[in-house]
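K.L.:
Mind looking over this structure? Questions follow.
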Amino acid sequence: MSFDILWFAFHILIFPGLLFIVVMGVLLMGINNKMVARMQNRVGPPILQPWYDFLKCCGKETIIPRRAQKFVFIGAPILGFAVLITAALFIPFGGSSVLSSTGDIVVILYLLTFCSVMSIVGAAASGSPYAGVGLSREMVAMIAYELPFVLVLLAVGKLAGSDSAQGVTFSLATITEWQTAHLPVICHISMIPAAIAMLFVIPCEIGMHPFDIAEAETELCEGTLTEYSGAPLGVYKLTHCVKVYVMTALFTALFMGGITTGMVVVDVLIKILVCLVVTFLSMTLPHAVCARFKVEQVFKFYWTFVSALALISLVLVWIGL
Amino acid sequence: MTQLFDQFYNFVGTDINHFPIFAIVTLFLGAFIIAIVGKLNKTLRNVIVFIVTIIPFLLMLSLIKPIMIDGGVINYWMGNWAPVGEWAIGIGLEVDALSLFFGLIVTLAVFIVAIYSFTYMNRDSSLENYYTLFLMLSGALLGLVLTGDLFNIFVMIEIMTMTEVALTAFRVDYDGALEGAMKYMVVGSLGSSTVLVGIAMLYSQLHTLNLAQIAASLPSHQNAVTAAAFAFLFIGFASKAFLFPFHPLEADVNAVAPASISMIISGVITKCGVYAIIRICYILFQNIELPAVSISVTLLGAVSCFICVTMAFNQHNFRRLLAYHSISQIGYVIMAVGLGSMFGLEAGLFHAVNHTLFKGLLFLTAGAVQYATGSADLDKLGGLVKKMPQTCALFLIGAASISGLPPFNGFASKWMIYQSVFEKASETGNFVYVIVVVVCLLCSVLTLASFIKVAQSVFFGQLNPEFNKPEVHEVPVVMQIPMWILAGLCVLFGVFPNFIQKYFLTPAATAAFNVTNYIDTMLGQGTAAKAGIQQTEIGTVSSIGCWQPVSWLWLLLIITCAVCLIAVLGSNDNKKHATALNAEEKVSDLVGVKQSGAGRLNNVAADASLKGVASDHLLSDQELIIISRDRTIEDEVLAGEDPKYENFFSGEKSEFSQVGGSDLFWGFKHDMRHYFNFQKDWHSGNVNDYTTYGVAAIAVTLVLAILFL
Amino acid sequence: MILVNYIASFFLIALGFYCMAVKKNLIKICIGMGIADYGANLLIVSVGFNPGGTAPIFTMSELTQASFFVDPVPQALTLTSIVIGACTTAMTLSLVIRLKEKYGTLQADQVRRLRG
């Protein structure tokens, strides 16, 4: 009994829990930064720079503005980070996930939303007008990517649920099993538009460069983060890194899951490699190539182009192609 | 405890059959007593109101065991006019689990509103009129859900409409109160007339008004007239639930009625419409399993949901925004009810009760804000969290619930709705249901967005100097208690959804499918079989077991503690060493040295595995207390004049610059401006237009009903 | 014969709804509500009518299987409905009076501060 609890604690806190997630997030983020720099012919920061940033932030003084609501202002980033870790525990990464349920896709969707909401609430509590504009933009971005995101999830759920009695599945475990039995989802031609749509959803969900309308440094002075300093800012930065891991791992689980060699270590290494590729495609390339979008452009882009891609997949899957 | 209950039920015996009528009569009696003695003494009046609202609630609670748990049905013939030769002549009350479920919602809401009103209304005059009307309204609502007679439903609807109009116009001098009341009167009377016509048409075919008897004889008397009657009844009740296209009405009424009444309108009156729709679709006409009916009802729900949630985006008035959201949530309920599956109905019922809780809570917080500041204008308010922290916390609970964030109740019921819609989609292979799921999820995000807007415009951001005065302060405790009750229930229902499902939802949904039992209890055993009504098979119910909030909360707690600890340690280490080290040195320290205080931080942060377990040893409680005390002193000293605690203004002079109300979500509004402008023109505020939409809805429903039934 | 009643009642209901939807004057809207109500009342009474039936007034001993009378229930319903209709009209008119005081007009399209 006690051994079970220890094992559970190990899963939650070390692998594939907190520690592993944070390390992965930091690494992916660092490699991403490095690759962007190389593509722009710069040297770039060291790969562990996000981690150094976090430590440095934690060492700085935390200033709480007079107009801010202290409790919410401090609590929001911490709760947001905790929720994100919880969401990450649902995603299988080389083997099965720590937590799983028959509806974990919906749970992940809501937890990711919750995480964004926490950054919004924290910004709102700071009382800064810059943060006000930032949170407004963050919310618009959220509305923008939510539609294609949901469509992609439905398409994958329908495809992977075709074997089950219900016809549709919301469970990542079922999706993984289905991929083991058949080919990975990405190998089906009907799912390629959905995969592309998902690749577009990832940077917006994380708030990476061409879609970082909420944190636009040049116009909004970091938007939602304007008033943050010290440890809460560090936690925010870390959340940002972890989100990279969560989204790429989710992509991997949805589209390229189920490939097993039988050895956990090899599986994990393969997964990490796949995550890197996804990071490169979805974040590094747009970051290096594009300038920041405007708010209304982001919204239009996601509700027309990306949603259309996802919808094509959904319709194709539904009519059985 | 169980013994006590047993003793109670033994003591009551068969007298428990009198409980429903007793509950209804208490409320009406209370109304008359208040009308007589209300003027004399304020305390006496409040005591009477308290007593007559808590009694029906207790009576309904006591009915849980015989009806919900034992699965019985209570029927009661007024004046003992029992049926003769299977013809029901008298008026009967019939309380099955479905009725009781809604009865509980009604009585709970009424009780809470009564407590809230004591303080909330204390600045108004002629309150005896208010309470008289309020109790009559409550009695009508309770009568509507407990009765077993179709015409009785009509009478109750009329009492409801009438008192409702009077209560909306209660604050005559409030801008727009009369207008809202007038609109409600006209469109409400349109709905009532429609119901009456439906009843007359049904009577012409079946010559009975008793619900059970109608249910027994309808299947063998299906023709064009009953189809038309269904259309009339459906649209009449839909107008009472303010479904599309009656939704502008609710917004107009709720924006001007006292907040307590707004809660009754959006929390209870809409539920009565939903109850009546469930009753006619599942019990009376038993036609919800027809694909045409099922798809139309689900689509009606989806349309209501989407249109209202986008309408809410454009609002500048707190209460108007809430009103649109309330229809949007009722859209969810109707969507789930329209599926016609057991699990779908359960989901709908769960969302219905949750909606009463969180929307009630939100309306009461809106009322509290208005009570404190005198304004509900989202463009004017702001930064109230400093003035009203409790109300803000309550609002956040309500907002999280309605947006369906885990672990609040909205998440559990929305989860059930998605699951049921998707089950239906894969069962029928109909793409319409997939669209409905997408609409559901999208509406959820939009709901969230508009509550972010409210949070930012009312509670966060900067305090409007106009409200920065001592008169604006937290509302009295008596007003907070009902809100805390609702908030507590929101959390409880979210954390223990399985309990709710087992003891409330499943019995209620079973009752809606168990037509034979309903008929047999009312008219005697075997009537249903004689009328050719088959016992419908009640399929196995999916469980929401996969959603286990309790274990999650633990997990979340552990992780939050872990994260908190890093943050606390980090910031406090800095306090100790900030003077000694400059920032650059410190980073090198953090990376390299493991012995110093800063190194300890590194140790903790890097070795995250230790966080949950061993964290206590790294920093004793004593240390934490000292540090926190240091900090507060420091804060007090520094927070005085130090400009570093000001908000960042790019070097400009800081001034009142609240971002809220109509400033938010620019990109979205810009891209959708044609749609929003169209919606704005469409909701013209002209009562003629509203009536036209209503008449058009009647016409469309009639055509559909005649074509498909 | 009875068909005329049905046609008339639905004509009245439609007329009432038309009044409510088209007429701008609040008093006329109120009249429209009344007309729709009367249509519904006529419908109910007609439903209970049996050609050649007597008035439904009997003592228990007089009542036999062969007694042929008009259906009493709709008449009771109509009475109730008439009372409710009167209430509605009174309520509406009182609101109209206050509205006229407050807005200075009886035109429905000018009483629209709440919109959008």
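Letters for chains follow the order of the structure tokens (A, B, ...), residue numbers begin at 1 for each chain, and ligand numbers begin at 1 in the order shown.
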From a DSSP pass on the backbone, collect the residues of segment 33-126 of chain B flagged as strand (DSSP E or B) and hand them back as a PyMOL selection string.

P.N.:
chain B and resi 74-77+84+87+92-95

K.L.:
As a list in words, please: the residues near Thr54 of chain C (cut-off 10 Å, only C-alpha atoms, same-chain neighbours under 5 positions excluded).

P.N.:
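Here the qualifying residues turn out to be Phe49, Ser67, Phe68, Phe69, Val70 and Asp71 of chain C.
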
K.L.:
Go through B:Glu164, B:Glu423, B:Asp377, B:Glu128 one by one, measure the shortest atom-to-atom distance of each to chain A using only C-alpha atoms, and give the residue with the smallest value.

P.N.:
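Of all the options, B:Glu423 lies closest to chain A.
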
K.L.:
Could you write out as a PyMOL selection string the residues of chain C within 8 Å of chain B, counting only C-alpha atoms?

P.N.:
chain C and resi 17+20-24+29-30+33+36-37+40+43-44+47-48+77+84+88+91-92+95-96+98-99+108-116

K.L.:
Atom CA of Leu58 of chain B and atom CA of Phe496 of chain B are how many Å apart?

P.N.:
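Interatomic distance here is 22.3 Å.
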
K.L.:
Grab the atom CA of Asn46 of chain B to atom CA of Phe102 of chain B distance for me, in Å with one decimal place.

P.N.:
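According to the coordinates, atom CA of Asn46 of chain B and atom CA of Phe102 of chain B are separated by 25.5 Å.
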
K.L.:
Rounded to one decimal, what separation in Å do you get between atom CA of Leu18 of chain A and atom CA of Asp267 of chain A?

P.N.:
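Rounded to one decimal, the two atoms are 19.2 Å apart.
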
K.L.:
Select from segment 250-320 of chain A everything DSSP, run on the backbone, classes as alpha helix (DSSP H), then give the selection as a PyMOL selection string.

P.N.:
chain A and resi 250-255+264-279+285-289+295-301+307-318

K.L.:
So, with only C-alpha atoms as the atoms that count, which of C:Ser94, C:Leu15, C:Gln75, C:Ser81 lies closest to Ala55 of chain C?

P.N.:
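The answer is C:Gln75, which sits nearest to Ala55 of chain C.
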